[in-house]
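Engineer: This is the structure, below, for whatever I ask next.
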Amino acid sequence: MRIGRVTRAVAIVGVLSIGATVAFAQETAGRGFLFGAPTGSFSLRGGYSGASAGSDVFSFVTSELTLGRGDFGAFSVGGDVSVALSDRFDVVLSADVGGMHRMSEFREWEDNSGNPIEQRTGFSRQTFALSGKFYLRPNGRSLGQFAWVPAQYAPWLSAGLGRTRYNFTQDGDFVDFDKGNSVFRDSYKSSQWAMTAQIGAGVDWNITQRFALTTQAKYLFGKADLTYDYAGFDPIDLSGIGLSAGLAVRF
């Protein structure tokens with residue numbers, strides 16, 4: 001009987017201990033816990049991809065056409081796959097894709113009928129990068145041997161290298177300044193891969209133990225040769241800031 005009472009007491013203490021641990025974890029993060037720290041995550045994002053538009057091809061089209069440097073920014077989508085190497089450091093493979101197409105016309109020229117000389121300009125970038133991601137505070141903490149509790153939020157910094165492919169296109173009506181300012185119709189394009197670098201900062205806001213809202217800002221550095229119809233211009237500026245938010249899922 002005594003052994004039975006001791007057994008029941010131990011069982012009660014064990015249940016109370018487990019309950020206290022769970023309650024503490026939920027009180028700490030407000031999001032429950034996982035059985036073991038996550039080994040990584042993947043995320044999908046959407047946002048805005050800005051363009052510095054600092055090279056001479058952008059200067060040319062913005063001076064001749066009704067375009068501004070801000071017109072080369074665009075909606076973008078992206079994704080990340082992260083692998084945790086420690087409680088504060090991840091390796092991240094990321095992809096970001098964004099592009100724009102905008103109608104324009106020559107600022108100071110019209111055709112023989114007095115109509116605007118119109119064309120469409122496009123600029124897109126696809127970036128693939130491998131980065132290191134450092135959390136400024138722990139993204140979570142372990143309770144005992146198995147339970148892992150996410151923090152409410154975790155700010156981070158990142159830096160990486162990758163490859164970016166751009167496409168720069170124009171099609172429509174143009175003015176031939178070498179042939180009496182005659183108007184003609186044509187299409188132009190340039191496309192190339194280039195090495196790029198990026199730095200970033202963001203915050204992961206934990207919703208549950210599995211899901212987090214991730215917000216981030218990244219700045220892309222890089223230039224690439226202009227090819228085909230734009231071969232006479234200096235390298236095109238691929239730089240720009242990107243802002244995005246999305247959902248991350250831990251695994």
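Quick note on naming: the chains in the structure tokens go A, B, ... in the order shown, residues restart at 1 in each chain, and ligands are numbered from 1 in order of appearance.
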Leaving out A:Tyr153 and any residue of its chain fewer than 2 positions from it, which residues lie within 12 Å of it when counting only C-alpha atoms, given as a short mmCIF file (atom, residue, chain, number, x, y, z; two decimals) with all heavy atoms, in the first residue's frame?
Structural biologist:
data_model
loop_
_atom_site.label_atom_id
_atom_site.label_comp_id
_atom_site.auth_asym_id
_atom_site.auth_seq_id
_atom_site.Cartn_x
_atom_site.Cartn_y
_atom_site.Cartn_z
N THR A 28 6.00 32.07 -21.43
CA THR A 28 7.21 32.71 -21.91
C THR A 28 7.06 33.22 -23.33
O THR A 28 7.39 34.35 -23.65
CB THR A 28 8.39 31.72 -21.85
OG1 THR A 28 8.55 31.28 -20.51
CG2 THR A 28 9.68 32.39 -22.32
N ALA A 29 6.58 32.38 -24.22
CA ALA A 29 6.47 32.77 -25.62
C ALA A 29 5.05 33.01 -26.06
O ALA A 29 4.82 33.64 -27.07
CB ALA A 29 7.08 31.69 -26.51
N GLY A 30 4.10 32.52 -25.33
CA GLY A 30 2.72 32.65 -25.74
C GLY A 30 2.38 31.83 -26.95
O GLY A 30 1.36 32.01 -27.59
N ARG A 31 3.23 30.84 -27.31
CA ARG A 31 3.03 30.12 -28.56
C ARG A 31 3.25 28.62 -28.42
O ARG A 31 3.39 27.94 -29.42
CB ARG A 31 4.01 30.66 -29.63
CG ARG A 31 3.84 32.15 -29.91
CD ARG A 31 2.52 32.43 -30.60
NE ARG A 31 2.37 33.82 -30.93
CZ ARG A 31 1.73 34.69 -30.20
NH1 ARG A 31 1.16 34.31 -29.06
NH2 ARG A 31 1.65 35.96 -30.56
N TYR A 135 21.10 35.89 -35.89
CA TYR A 135 20.06 36.43 -35.01
C TYR A 135 20.70 37.26 -33.91
O TYR A 135 21.65 36.82 -33.24
CB TYR A 135 19.24 35.30 -34.39
CG TYR A 135 18.27 34.66 -35.35
CD1 TYR A 135 18.59 33.50 -36.04
CD2 TYR A 135 17.02 35.23 -35.59
CE1 TYR A 135 17.70 32.92 -36.94
CE2 TYR A 135 16.13 34.67 -36.48
CZ TYR A 135 16.47 33.51 -37.15
OH TYR A 135 15.59 32.95 -38.04
N LEU A 136 20.19 38.47 -33.69
CA LEU A 136 20.71 39.36 -32.67
C LEU A 136 20.27 38.94 -31.26
O LEU A 136 20.85 39.39 -30.27
CB LEU A 136 20.25 40.80 -32.94
CG LEU A 136 20.72 41.38 -34.28
CD1 LEU A 136 20.21 42.81 -34.45
CD2 LEU A 136 22.23 41.35 -34.39
N ARG A 137 19.26 38.12 -31.19
CA ARG A 137 18.82 37.52 -29.93
C ARG A 137 18.33 36.13 -30.26
O ARG A 137 17.96 35.84 -31.41
CB ARG A 137 17.71 38.34 -29.27
CG ARG A 137 16.49 38.58 -30.13
CD ARG A 137 15.37 39.25 -29.37
NE ARG A 137 14.83 38.38 -28.34
CZ ARG A 137 13.82 38.72 -27.53
NH1 ARG A 137 13.27 39.93 -27.65
NH2 ARG A 137 13.38 37.90 -26.63
N PRO A 138 18.32 35.22 -29.30
CA PRO A 138 17.90 33.84 -29.61
C PRO A 138 16.49 33.80 -30.19
O PRO A 138 15.58 34.50 -29.73
CB PRO A 138 17.96 33.15 -28.25
CG PRO A 138 18.97 33.92 -27.47
CD PRO A 138 18.78 35.35 -27.90
N ASN A 139 16.32 32.98 -31.21
CA ASN A 139 15.01 32.79 -31.82
C ASN A 139 14.10 31.93 -30.96
O ASN A 139 12.90 31.83 -31.20
CB ASN A 139 15.17 32.16 -33.21
CG ASN A 139 13.92 32.27 -34.04
OD1 ASN A 139 13.09 33.16 -33.83
ND2 ASN A 139 13.75 31.36 -34.98
N GLY A 140 14.67 31.29 -29.97
CA GLY A 140 13.93 30.44 -29.04
C GLY A 140 14.90 29.84 -28.05
O GLY A 140 16.11 30.11 -28.09
N VAL A 149 11.03 26.42 -27.04
CA VAL A 149 10.03 27.49 -27.01
C VAL A 149 10.49 28.64 -27.89
O VAL A 149 11.60 29.15 -27.69
CB VAL A 149 9.81 27.99 -25.57
CG1 VAL A 149 8.75 29.08 -25.55
CG2 VAL A 149 9.41 26.85 -24.66
N PRO A 150 9.69 29.07 -28.86
CA PRO A 150 10.08 30.22 -29.69
C PRO A 150 9.96 31.52 -28.93
O PRO A 150 9.07 31.69 -28.08
CB PRO A 150 9.09 30.17 -30.86
CG PRO A 150 7.87 29.51 -30.28
CD PRO A 150 8.38 28.51 -29.28
N ALA A 151 10.85 32.46 -29.23
CA ALA A 151 10.71 33.81 -28.69
C ALA A 151 9.58 34.53 -29.41
O ALA A 151 9.16 34.12 -30.50
CB ALA A 151 12.03 34.56 -28.87
N PRO A 155 15.11 39.63 -34.11
CA PRO A 155 15.72 40.43 -35.18
C PRO A 155 17.00 39.76 -35.69
O PRO A 155 17.66 39.03 -34.96
CB PRO A 155 16.03 41.76 -34.48
CG PRO A 155 16.21 41.40 -33.04
CD PRO A 155 15.30 40.24 -32.78
N TRP A 156 17.35 40.02 -36.94
CA TRP A 156 18.51 39.38 -37.54
C TRP A 156 19.16 40.26 -38.60
O TRP A 156 18.55 41.20 -39.12
CB TRP A 156 18.13 38.03 -38.14
CG TRP A 156 16.96 38.04 -39.09
CD1 TRP A 156 15.65 37.77 -38.78
CD2 TRP A 156 16.98 38.34 -40.49
NE1 TRP A 156 14.86 37.88 -39.90
CE2 TRP A 156 15.66 38.23 -40.97
CE3 TRP A 156 17.99 38.68 -41.39
CZ2 TRP A 156 15.32 38.46 -42.29
CZ3 TRP A 156 17.66 38.92 -42.72
CH2 TRP A 156 16.33 38.79 -43.15
N GLY A 202 16.10 42.03 -40.78
CA GLY A 202 14.69 41.72 -40.65
C GLY A 202 14.33 41.28 -39.25
O GLY A 202 15.17 41.25 -38.34
N VAL A 203 13.07 40.96 -39.09
CA VAL A 203 12.54 40.47 -37.82
C VAL A 203 11.60 39.32 -38.11
O VAL A 203 10.74 39.42 -39.00
CB VAL A 203 11.79 41.57 -37.05
CG1 VAL A 203 11.27 41.02 -35.72
CG2 VAL A 203 12.67 42.79 -36.81
N ASP A 204 11.78 38.21 -37.38
CA ASP A 204 10.84 37.10 -37.42
C ASP A 204 9.89 37.23 -36.24
O ASP A 204 10.33 37.23 -35.08
CB ASP A 204 11.58 35.76 -37.36
CG ASP A 204 12.40 35.50 -38.61
OD1 ASP A 204 12.16 36.17 -39.63
OD2 ASP A 204 13.29 34.63 -38.55
N TRP A 205 8.60 37.36 -36.52
CA TRP A 205 7.58 37.49 -35.48
C TRP A 205 6.87 36.14 -35.36
O TRP A 205 6.16 35.71 -36.26
CB TRP A 205 6.58 38.57 -35.84
CG TRP A 205 7.20 39.90 -36.14
CD1 TRP A 205 7.67 40.34 -37.34
CD2 TRP A 205 7.43 40.95 -35.21
NE1 TRP A 205 8.18 41.60 -37.23
CE2 TRP A 205 8.05 42.02 -35.93
CE3 TRP A 205 7.18 41.11 -33.84
CZ2 TRP A 205 8.40 43.21 -35.32
CZ3 TRP A 205 7.54 42.31 -33.25
CH2 TRP A 205 8.15 43.34 -33.97
N ASN A 206 7.09 35.44 -34.27
CA ASN A 206 6.56 34.09 -34.12
C ASN A 206 5.06 34.12 -33.82
O ASN A 206 4.60 34.78 -32.89
CB ASN A 206 7.31 33.37 -33.00
CG ASN A 206 8.75 33.07 -33.40
OD1 ASN A 206 9.00 32.47 -34.43
ND2 ASN A 206 9.70 33.51 -32.58
N ILE A 207 4.32 33.39 -34.65
CA ILE A 207 2.87 33.27 -34.49
C ILE A 207 2.54 32.05 -33.66
O ILE A 207 1.74 32.10 -32.73
CB ILE A 207 2.20 33.19 -35.87
CG1 ILE A 207 2.57 34.41 -36.72
CG2 ILE A 207 0.69 33.08 -35.73
CD1 ILE A 207 2.12 34.30 -38.15
N THR A 208 3.12 30.92 -34.03
CA THR A 208 3.00 29.68 -33.26
C THR A 208 4.39 29.06 -33.23
O THR A 208 5.35 29.62 -33.75
CB THR A 208 2.01 28.69 -33.91
OG1 THR A 208 2.58 28.18 -35.12
CG2 THR A 208 0.67 29.35 -34.20
N GLN A 209 4.48 27.87 -32.63
CA GLN A 209 5.78 27.20 -32.59
C GLN A 209 6.25 26.79 -33.99
O GLN A 209 7.45 26.61 -34.22
CB GLN A 209 5.73 25.97 -31.66
CG GLN A 209 4.78 24.88 -32.09
CD GLN A 209 3.39 25.06 -31.53
OE1 GLN A 209 2.93 26.18 -31.34
NE2 GLN A 209 2.71 23.94 -31.24
N PHE A 211 4.97 28.43 -37.06
CA PHE A 211 4.81 29.48 -38.05
C PHE A 211 5.29 30.82 -37.51
O PHE A 211 5.14 31.13 -36.33
CB PHE A 211 3.34 29.61 -38.47
CG PHE A 211 2.79 28.37 -39.11
CD1 PHE A 211 2.08 27.45 -38.36
CD2 PHE A 211 2.99 28.13 -40.45
CE1 PHE A 211 1.58 26.30 -38.95
CE2 PHE A 211 2.49 26.99 -41.05
CZ PHE A 211 1.78 26.07 -40.30
N ALA A 212 5.87 31.62 -38.42
CA ALA A 212 6.33 32.95 -38.07
C ALA A 212 6.09 33.90 -39.23
O ALA A 212 6.16 33.50 -40.40
CB ALA A 212 7.81 32.93 -37.70
N LEU A 213 5.78 35.14 -38.90
CA LEU A 213 5.72 36.20 -39.91
C LEU A 213 7.13 36.77 -40.03
O LEU A 213 7.73 37.18 -39.04
CB LEU A 213 4.75 37.30 -39.46
CG LEU A 213 4.72 38.56 -40.34
CD1 LEU A 213 4.19 38.24 -41.72
CD2 LEU A 213 3.89 39.66 -39.67
N THR A 214 7.68 36.76 -41.23
CA THR A 214 9.01 37.29 -41.45
C THR A 214 8.94 38.58 -42.25
O THR A 214 8.24 38.65 -43.27
CB THR A 214 9.92 36.26 -42.15
OG1 THR A 214 11.22 36.81 -42.35
CG2 THR A 214 9.35 35.82 -43.49
N THR A 215 9.59 39.61 -41.77
CA THR A 215 9.66 40.90 -42.47
C THR A 215 11.14 41.21 -42.69
O THR A 215 11.97 40.98 -41.81
CB THR A 215 9.01 42.02 -41.64
OG1 THR A 215 9.66 42.10 -40.36
CG2 THR A 215 7.54 41.73 -41.44
#
Engineer: With a distance cut-off of 12 Å and only C-alpha atoms, select the neighbouring residues of A:Phe58, excluding the residue or stretch itself and same-chain residues fewer than 4 positions from it, and output the selection as a ChimeraX atom specification.
Structural biologist: /A:51-54,62-72,121-123,168-169,226,230,233-238
Engineer: Assign secondary structure with DSSP using the backbone only, and return the residues of stretch 11-157 of chain A in alpha helix (DSSP H) as a list in words.
Structural biologist: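 Checking each residue of stretch 11-157 of chain A, the alpha helix (DSSP H) ones are Ala11, Ile12, Val13, Gly14, Val15, Leu16, Ser17, Ile18, Gly19, Ala20, Thr21, Val22, Ala23, Phe24, Ala25, Gln26, Glu27, Thr28, Ala29, Asp56, Val57, Phe58, Ser59, Phe60, Val61, Thr62, Ser63 and Glu64 of chain A.
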Engineer: Go ahead and save the residues from that selection, with N, CA and C atoms, as a PDB file, in the first residue's frame.
Structural biologist:
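The result, written out as part-v3.pdb:
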ATOM      1  N   ALA A  11       3.840   9.918  -9.577  1.00  0.00           N
ATOM      2  CA  ALA A  11       3.105  10.170 -10.816  1.00  0.00           C
ATOM      3  C   ALA A  11       2.474  11.553 -10.809  1.00  0.00           C
ATOM      4  N   ILE A  12       1.898  11.913  -9.637  1.00  0.00           N
ATOM      5  CA  ILE A  12       1.266  13.234  -9.530  1.00  0.00           C
ATOM      6  C   ILE A  12       2.299  14.343  -9.695  1.00  0.00           C
ATOM      7  N   VAL A  13       3.455  14.160  -9.015  1.00  0.00           N
ATOM      8  CA  VAL A  13       4.519  15.147  -9.129  1.00  0.00           C
ATOM      9  C   VAL A  13       4.992  15.262 -10.573  1.00  0.00           C
ATOM     10  N   GLY A  14       5.117  14.106 -11.272  1.00  0.00           N
ATOM     11  CA  GLY A  14       5.539  14.126 -12.673  1.00  0.00           C
ATOM     12  C   GLY A  14       4.553  14.872 -13.544  1.00  0.00           C
ATOM     13  N   VAL A  15       3.268  14.600 -13.355  1.00  0.00           N
ATOM     14  CA  VAL A  15       2.242  15.279 -14.144  1.00  0.00           C
ATOM     15  C   VAL A  15       2.272  16.776 -13.877  1.00  0.00           C
ATOM     16  N   LEU A  16       2.395  17.137 -12.591  1.00  0.00           N
ATOM     17  CA  LEU A  16       2.444  18.552 -12.234  1.00  0.00           C
ATOM     18  C   LEU A  16       3.676  19.229 -12.833  1.00  0.00           C
ATOM     19  N   SER A  17       4.800  18.492 -12.844  1.00  0.00           N
ATOM     20  CA  SER A  17       6.027  19.045 -13.418  1.00  0.00           C
ATOM     21  C   SER A  17       5.880  19.303 -14.904  1.00  0.00           C
ATOM     22  N   ILE A  18       5.292  18.309 -15.603  1.00  0.00           N
ATOM     23  CA  ILE A  18       5.067  18.484 -17.045  1.00  0.00           C
ATOM     24  C   ILE A  18       4.123  19.646 -17.293  1.00  0.00           C
ATOM     25  N   GLY A  19       3.056  19.710 -16.494  1.00  0.00           N
ATOM     26  CA  GLY A  19       2.109  20.808 -16.649  1.00  0.00           C
ATOM     27  C   GLY A  19       2.749  22.154 -16.387  1.00  0.00           C
ATOM     28  N   ALA A  20       3.619  22.212 -15.365  1.00  0.00           N
ATOM     29  CA  ALA A  20       4.305  23.470 -15.058  1.00  0.00           C
ATOM     30  C   ALA A  20       5.236  23.875 -16.185  1.00  0.00           C
ATOM     31  N   THR A  21       5.916  22.876 -16.769  1.00  0.00           N
ATOM     32  CA  THR A  21       6.828  23.169 -17.881  1.00  0.00           C
ATOM     33  C   THR A  21       6.077  23.727 -19.072  1.00  0.00           C
ATOM     34  N   VAL A  22       4.958  23.086 -19.431  1.00  0.00           N
ATOM     35  CA  VAL A  22       4.140  23.555 -20.546  1.00  0.00           C
ATOM     36  C   VAL A  22       3.603  24.949 -20.273  1.00  0.00           C
ATOM     37  N   ALA A  23       3.108  25.158 -19.042  1.00  0.00           N
ATOM     38  CA  ALA A  23       2.565  26.468 -18.688  1.00  0.00           C
ATOM     39  C   ALA A  23       3.640  27.544 -18.759  1.00  0.00           C
ATOM     40  N   PHE A  24       4.833  27.200 -18.282  1.00  0.00           N
ATOM     41  CA  PHE A  24       5.928  28.149 -18.325  1.00  0.00           C
ATOM     42  C   PHE A  24       6.313  28.482 -19.760  1.00  0.00           C
ATOM     43  N   ALA A  25       6.348  27.459 -20.597  1.00  0.00           N
ATOM     44  CA  ALA A  25       6.692  27.678 -22.003  1.00  0.00           C
ATOM     45  C   ALA A  25       5.671  28.564 -22.683  1.00  0.00           C
ATOM     46  N   GLN A  26       4.393  28.308 -22.422  1.00  0.00           N
ATOM     47  CA  GLN A  26       3.352  29.102 -23.042  1.00  0.00           C
ATOM     48  C   GLN A  26       3.350  30.523 -22.512  1.00  0.00           C
ATOM     49  N   GLU A  27       3.627  30.669 -21.233  1.00  0.00           N
ATOM     50  CA  GLU A  27       3.695  32.012 -20.660  1.00  0.00           C
ATOM     51  C   GLU A  27       4.889  32.773 -21.203  1.00  0.00           C
ATOM     52  N   THR A  28       5.996  32.066 -21.434  1.00  0.00           N
ATOM     53  CA  THR A  28       7.214  32.710 -21.911  1.00  0.00           C
ATOM     54  C   THR A  28       7.055  33.224 -23.325  1.00  0.00           C
ATOM     55  N   ALA A  29       6.576  32.379 -24.220  1.00  0.00           N
ATOM     56  CA  ALA A  29       6.469  32.769 -25.623  1.00  0.00           C
ATOM     57  C   ALA A  29       5.049  33.012 -26.060  1.00  0.00           C
ATOM     58  N   ASP A  56      23.957  54.717 -67.195  1.00  0.00           N
ATOM     59  CA  ASP A  56      23.629  55.655 -68.266  1.00  0.00           C
ATOM     60  C   ASP A  56      22.442  55.227 -69.116  1.00  0.00           C
ATOM     61  N   VAL A  57      22.158  53.929 -69.198  1.00  0.00           N
ATOM     62  CA  VAL A  57      20.992  53.520 -69.981  1.00  0.00           C
ATOM     63  C   VAL A  57      19.705  54.017 -69.318  1.00  0.00           C
ATOM     64  N   PHE A  58      19.674  54.038 -67.991  1.00  0.00           N
ATOM     65  CA  PHE A  58      18.511  54.588 -67.294  1.00  0.00           C
ATOM     66  C   PHE A  58      18.461  56.104 -67.447  1.00  0.00           C
ATOM     67  N   SER A  59      19.621  56.752 -67.408  1.00  0.00           N
ATOM     68  CA  SER A  59      19.656  58.202 -67.613  1.00  0.00           C
ATOM     69  C   SER A  59      19.133  58.569 -68.994  1.00  0.00           C
ATOM     70  N   PHE A  60      19.494  57.766 -69.996  1.00  0.00           N
ATOM     71  CA  PHE A  60      19.055  58.038 -71.361  1.00  0.00           C
ATOM     72  C   PHE A  60      17.542  57.917 -71.495  1.00  0.00           C
ATOM     73  N   VAL A  61      16.981  56.814 -71.017  1.00  0.00           N
ATOM     74  CA  VAL A  61      15.541  56.610 -71.220  1.00  0.00           C
ATOM     75  C   VAL A  61      14.712  57.557 -70.360  1.00  0.00           C
ATOM     76  N   THR A  62      15.216  57.945 -69.192  1.00  0.00           N
ATOM     77  CA  THR A  62      14.440  58.867 -68.358  1.00  0.00           C
ATOM     78  C   THR A  62      14.528  60.301 -68.859  1.00  0.00           C
ATOM     79  N   SER A  63      15.594  60.641 -69.591  1.00  0.00           N
ATOM     80  CA  SER A  63      15.688  61.995 -70.150  1.00  0.00           C
ATOM     81  C   SER A  63      14.886  62.123 -71.446  1.00  0.00           C
ATOM     82  N   GLU A  64      14.864  61.067 -72.260  1.00  0.00           N
ATOM     83  CA  GLU A  64      14.168  61.120 -73.538  1.00  0.00           C
ATOM     84  C   GLU A  64      12.690  60.736 -73.437  1.00  0.00           C
TER      85      GLU A  64
END
Engineer: With distances taken over only C-alpha atoms, which of A:Arg107, A:Lys218, A:Arg88, A:Arg141 is nearest to A:Gly160?
Structural biologist: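 When distances to A:Gly160 are compared using only C-alpha atoms, the smallest one comes from A:Lys218.
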Engineer: Got a sec: who's within 8 Å of A:Gly47, counting only C-alpha atoms, leaving out chain neighbours fewer than 4 positions off, as a list in words?
Structural biologist: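 Within the cut-off, the hits are Phe75, Ser76, Val77, Gly242, Leu243, Ser244 and Ala245 of chain A.
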Engineer: Would you output that residue set with C-alpha atoms, as an mmCIF file, in the first residue's frame?
Structural biologist:
data_model
loop_
_atom_site.group_PDB
_atom_site.id
_atom_site.type_symbol
_atom_site.label_atom_id
_atom_site.label_comp_id
_atom_site.auth_asym_id
_atom_site.auth_seq_id
_atom_site.Cartn_x
_atom_site.Cartn_y
_atom_site.Cartn_z
ATOM 1 C CA PHE A 75 6.302 44.056 -57.112
ATOM 2 C CA SER A 76 8.418 41.032 -56.261
ATOM 3 C CA VAL A 77 8.043 37.543 -54.843
ATOM 4 C CA GLY A 242 13.834 45.267 -51.573
ATOM 5 C CA LEU A 243 11.159 45.199 -48.871
ATOM 6 C CA SER A 244 9.079 42.091 -48.252
ATOM 7 C CA ALA A 245 6.983 40.187 -45.755
#
Engineer: To one decimal place in Å, what is the distance between atom CA of A:Arg250 and atom CA of A:Gly200?
Structural biologist: 20.3 Å
